[in-house]
Amino acid sequence: MSLTVLASACRLKPLHRLQRIQAHMMSSHVEPEVLLEKVGRTGVITMNRPKVLNALNLTMIRQIYPQLKKWEIDNEMDIVIIKGAGGKAFCAGGDIRAVTEAGKVGGSLAQDFFREEYILNNTIGAYRKPYIAIIDGITMGGGVGLSVHGRFRVATEKTLFAMPETAIGLFPDVGGGYFLPRLRGKLGLFLALTGFRLKGRDVQRAGVATHFVESTKVPDLEKELVDLKCPSDADVSKLLEFYQNQSSLDSEKPFVLEKHISEIDRLFSSSSVEGIVQNLSADGSDFAKKQAEILSKMSPTSLKITFKQLQLGAALSLQDVLVMEYRLSQACMRGCDFYEGVRAVLVDRDQNPKWSPSTLDQVPDQLVDECFSSLAQKDLMFT
């Protein structure tokens, strides 16, 4: 083969490779990130990013929100069901990495994502038709916001719930300041500060889910929900209770925190995070030691913000909580712990964040108070 022919062949190889890639891309069917379907008189929303555990991004929010608003006033729609594709997750959280990248360079996503997500959360909380979230699988952060404010939340044995935000320099947002302090005793504060994970039936026992149904029964449940004729809340509740009564899995096991509930109420009763840490240190039990160790790894600033968030949120409406949380989200975007937490947990995954300030006593009350300050014309507004 001559050098000229060889050179021509070499040039053709990358060209052919490029053509093959382009042909593949054109032939590949790109799945939509969220499926919005009308099944009879039921609106069905399916989070459809299974490879990333159905993480919620701004594109999805911008599809779900207007559809919910349309269905709410559509006389041919009776109920809404929201679920996740892939069998592993309902929704494992918001697309935090994209938000942090935007925040570093002053991109608008750092405002738009939180603003539009919280407006969606409020819409779900005020929805006038039965809204049923099938939280089958991992349900954290943004996934909690898509479910917990709805009238019905159905957990299965595969449900894994947590609000782990203090570990990444954030706070339990999406209305966490509303629903967490309304759980029994100090359970919500405990879950918020420690990021403790609840599984399966315990998600309902804690009050996060309204019902528990075995995952194998969910397809039949969905079919019967769709078949209901002009259902009221009572009709939906009756059907969910019927399926719950048929689901005996793990019913004999006690609530995972049952033996610690009185300890949680006692140890987490304080006027400050420092007081809680002192209570844990003075108690000396294995449970207290473990919680103290967990809190020592969290962002001190996040812990203090979260404590005040739940303290104030206990007396606020969901809408007012979301206004407060939007202010907090923007304070976190201005700070440094959020970026460091995402780096340590989600990017480099060294699980070794360098918090600043690094200890609770170095976080002044003034810094915390400033996080709750009004953003004036940039505050979250509801139309």
# chains A, B, ... in the order shown; residues from 1 in each chain; ligands from 1
>>> residues_around(residues="Ser247 of chain A", least_positions_apart="3", cutoff="10 Å", atoms="only C-alpha atoms", output="PyMOL selection string")
chain A and resi 156-157+212-217+241-244+250-251
>>> residues_around(residues="Ile81 of chain A", least_positions_apart="6", cutoff="9 Å", atoms="only C-alpha atoms", output="ChimeraX atom specification")
/A:42-46,130-134,222,225-226
>>> residues_around(residues="Trp355 of chain A", least_positions_apart="6", cutoff="10 Å", atoms="only C-alpha atoms", output="CSV table (one decimal) with N, CA, C and O atoms, in the first residue's frame")
chain,number,residue,atom,x,y,z
A,168,ILE,N,-24.0,18.1,53.6
A,168,ILE,CA,-23.4,18.7,52.5
A,168,ILE,C,-23.5,20.3,52.6
A,168,ILE,O,-23.4,21.0,51.6
A,169,GLY,N,-23.6,20.7,53.8
A,169,GLY,CA,-23.5,22.2,54.0
A,169,GLY,C,-24.8,22.9,53.6
A,169,GLY,O,-24.8,24.1,53.3
A,297,LYS,N,-19.7,15.5,62.5
A,297,LYS,CA,-19.2,15.5,61.1
A,297,LYS,C,-20.0,16.4,60.2
A,297,LYS,O,-19.6,16.7,59.0
A,298,MET,N,-21.1,17.0,60.7
A,298,MET,CA,-22.0,17.8,59.9
A,298,MET,C,-21.4,19.3,59.9
A,298,MET,O,-20.7,19.7,60.8
A,299,SER,N,-21.9,20.0,58.9
A,299,SER,CA,-21.5,21.4,58.8
A,299,SER,C,-22.1,22.2,60.0
A,299,SER,O,-23.3,22.2,60.3
A,300,PRO,N,-21.2,22.8,60.9
A,300,PRO,CA,-21.7,23.5,62.0
A,300,PRO,C,-22.7,24.6,61.7
A,300,PRO,O,-23.7,24.8,62.4
A,301,THR,N,-22.4,25.3,60.6
A,301,THR,CA,-23.3,26.4,60.1
A,301,THR,C,-24.7,25.8,59.7
A,301,THR,O,-25.7,26.3,60.1
A,302,SER,N,-24.7,24.7,59.0
A,302,SER,CA,-25.9,24.0,58.6
A,302,SER,C,-26.7,23.6,59.8
A,302,SER,O,-28.0,23.7,59.8
A,336,CYS,N,-19.7,29.0,51.8
A,336,CYS,CA,-18.7,28.1,51.2
A,336,CYS,C,-19.0,26.6,51.6
A,336,CYS,O,-18.5,25.7,50.9
A,337,ASP,N,-19.7,26.4,52.7
A,337,ASP,CA,-19.9,25.0,53.2
A,337,ASP,C,-20.6,24.1,52.2
A,337,ASP,O,-20.4,22.9,52.0
A,338,PHE,N,-21.6,24.7,51.5
A,338,PHE,CA,-22.4,24.0,50.5
A,338,PHE,C,-21.5,23.4,49.4
A,338,PHE,O,-21.6,22.2,49.0
A,340,GLU,N,-18.2,23.0,49.5
A,340,GLU,CA,-17.3,22.0,50.1
A,340,GLU,C,-18.0,20.7,50.4
A,340,GLU,O,-17.4,19.6,50.2
A,341,GLY,N,-19.2,20.8,50.9
A,341,GLY,CA,-19.9,19.5,51.2
A,341,GLY,C,-20.2,18.7,49.9
A,341,GLY,O,-20.1,17.5,49.9
>>> residues_around(residues="Thr210 of chain A", least_positions_apart="4", cutoff="7 Å", atoms="only C-alpha atoms", output="list in words")
Phe152, Arg153, Val154 and Gln204 of chain A
>>> write_last_selection(atoms="C-alpha atoms", output="mmCIF file, in the first residue's frame")
data_model
loop_
_atom_site.group_PDB
_atom_site.id
_atom_site.type_symbol
_atom_site.label_atom_id
_atom_site.label_comp_id
_atom_site.auth_asym_id
_atom_site.auth_seq_id
_atom_site.Cartn_x
_atom_site.Cartn_y
_atom_site.Cartn_z
ATOM 1 C CA PHE A 152 -51.335 10.713 50.218
ATOM 2 C CA ARG A 153 -47.822 9.235 50.438
ATOM 3 C CA VAL A 154 -47.525 5.489 49.927
ATOM 4 C CA GLN A 204 -45.113 5.515 57.656
#
>>> select_by_dssp(residues="segment 190-248 of chain A", states="alpha helix (DSSP H)", output="ChimeraX atom specification")
/A:190-194,201-205,218-227,233-245
>>> atom_distance(atom1="atom CA of Thr159 of chain A", atom2="atom CA of Asp202 of chain A")
9.2 Å
>>> residues_around(residues="Ile124 of chain A", least_positions_apart="4", cutoff="10 Å", atoms="only C-alpha atoms", output="PyMOL selection string")
chain A and resi 65+68-69+118-120+128-129+131+145-151
>>> select_by_dssp(residues="segment 161-237 of chain A", states="strand (DSSP E or B)", output="JSON, numbers by chain")
{"A": [161, 162, 198, 199, 211, 212]}
>>> closest_residue(among="A:Gly141, A:Glu116, A:Tyr127, A:Glu76", to="Lys229 of chain A", atoms="only C-alpha atoms")
A:Glu76
>>> residues_around(residues="Lys290 of chain A", least_positions_apart="5", cutoff="12 Å", atoms="only C-alpha atoms", output="short mmCIF file (atom, residue, chain, number, x, y, z; two decimals) with N, CA, C and O atoms, in the first residue's frame")
data_model
loop_
_atom_site.label_atom_id
_atom_site.label_comp_id
_atom_site.auth_asym_id
_atom_site.auth_seq_id
_atom_site.Cartn_x
_atom_site.Cartn_y
_atom_site.Cartn_z
N THR A 194 -29.43 14.95 62.06
CA THR A 194 -28.57 13.77 61.88
C THR A 194 -28.63 13.16 60.49
O THR A 194 -27.73 12.43 60.09
N PHE A 196 -30.73 10.89 59.71
CA PHE A 196 -31.06 9.47 59.96
C PHE A 196 -31.96 8.92 58.87
O PHE A 196 -32.89 9.60 58.41
N VAL A 277 -25.77 19.00 71.87
CA VAL A 277 -24.47 18.32 71.92
C VAL A 277 -24.05 18.08 73.37
O VAL A 277 -23.53 17.00 73.71
N LEU A 280 -26.07 15.18 74.75
CA LEU A 280 -25.57 13.90 74.24
C LEU A 280 -24.28 13.50 74.95
O LEU A 280 -24.09 12.33 75.31
N SER A 281 -23.41 14.45 75.16
CA SER A 281 -22.13 14.18 75.83
C SER A 281 -22.34 13.76 77.28
O SER A 281 -21.71 12.81 77.77
N ASP A 283 -25.03 12.43 78.56
CA ASP A 283 -25.81 11.19 78.68
C ASP A 283 -24.91 9.96 78.68
O ASP A 283 -25.06 9.07 79.52
N GLY A 284 -24.01 9.90 77.71
CA GLY A 284 -23.01 8.82 77.70
C GLY A 284 -23.48 7.46 77.22
O GLY A 284 -22.69 6.52 77.15
N SER A 285 -24.78 7.32 76.86
CA SER A 285 -25.25 6.02 76.35
C SER A 285 -24.67 5.78 74.96
O SER A 285 -24.20 6.72 74.29
N LEU A 295 -23.24 14.20 64.55
CA LEU A 295 -23.35 15.66 64.50
C LEU A 295 -21.99 16.33 64.34
O LEU A 295 -21.89 17.38 63.70
N SER A 296 -20.94 15.71 64.88
CA SER A 296 -19.60 16.29 64.80
C SER A 296 -19.07 16.33 63.37
O SER A 296 -18.14 17.07 63.06
N LYS A 297 -19.68 15.53 62.49
CA LYS A 297 -19.24 15.47 61.08
C LYS A 297 -20.03 16.43 60.19
O LYS A 297 -19.65 16.67 59.04
#
>>> residues_around(residues="Leu58 of chain A", least_positions_apart="2", cutoff="8 Å", atoms="only C-alpha atoms", output="PyMOL selection string")
chain A and resi 56+60-62+112-113+116-117
>>> write_last_selection(atoms="N, CA, C and O atoms", output="CSV table (one decimal), in the first residue's frame")
chain,number,residue,atom,x,y,z
A,56,LEU,N,-34.0,15.2,40.4
A,56,LEU,CA,-34.9,16.3,39.9
A,56,LEU,C,-34.1,17.4,39.4
A,56,LEU,O,-33.2,18.0,40.1
A,60,MET,N,-37.3,19.2,34.5
A,60,MET,CA,-38.4,18.4,35.0
A,60,MET,C,-39.4,19.2,35.7
A,60,MET,O,-40.6,19.1,35.6
A,61,ILE,N,-38.9,20.1,36.6
A,61,ILE,CA,-39.7,21.0,37.4
A,61,ILE,C,-40.6,21.8,36.4
A,61,ILE,O,-41.8,22.0,36.6
A,62,ARG,N,-40.0,22.3,35.3
A,62,ARG,CA,-40.7,23.2,34.4
A,62,ARG,C,-41.7,22.4,33.5
A,62,ARG,O,-42.5,23.0,32.8
A,112,ASP,N,-32.9,30.1,40.1
A,112,ASP,CA,-34.0,29.5,39.4
A,112,ASP,C,-34.5,28.2,39.9
A,112,ASP,O,-35.6,27.9,40.1
A,113,PHE,N,-33.5,27.3,40.2
A,113,PHE,CA,-33.8,26.0,40.6
A,113,PHE,C,-34.6,26.0,41.9
A,113,PHE,O,-35.6,25.4,42.0
A,116,GLU,N,-38.1,27.8,41.6
A,116,GLU,CA,-39.2,27.1,40.9
A,116,GLU,C,-39.5,25.7,41.6
A,116,GLU,O,-40.6,25.3,41.6
A,117,GLU,N,-38.5,25.1,42.2
A,117,GLU,CA,-38.8,23.9,43.0
A,117,GLU,C,-39.7,24.2,44.2
A,117,GLU,O,-40.7,23.5,44.4
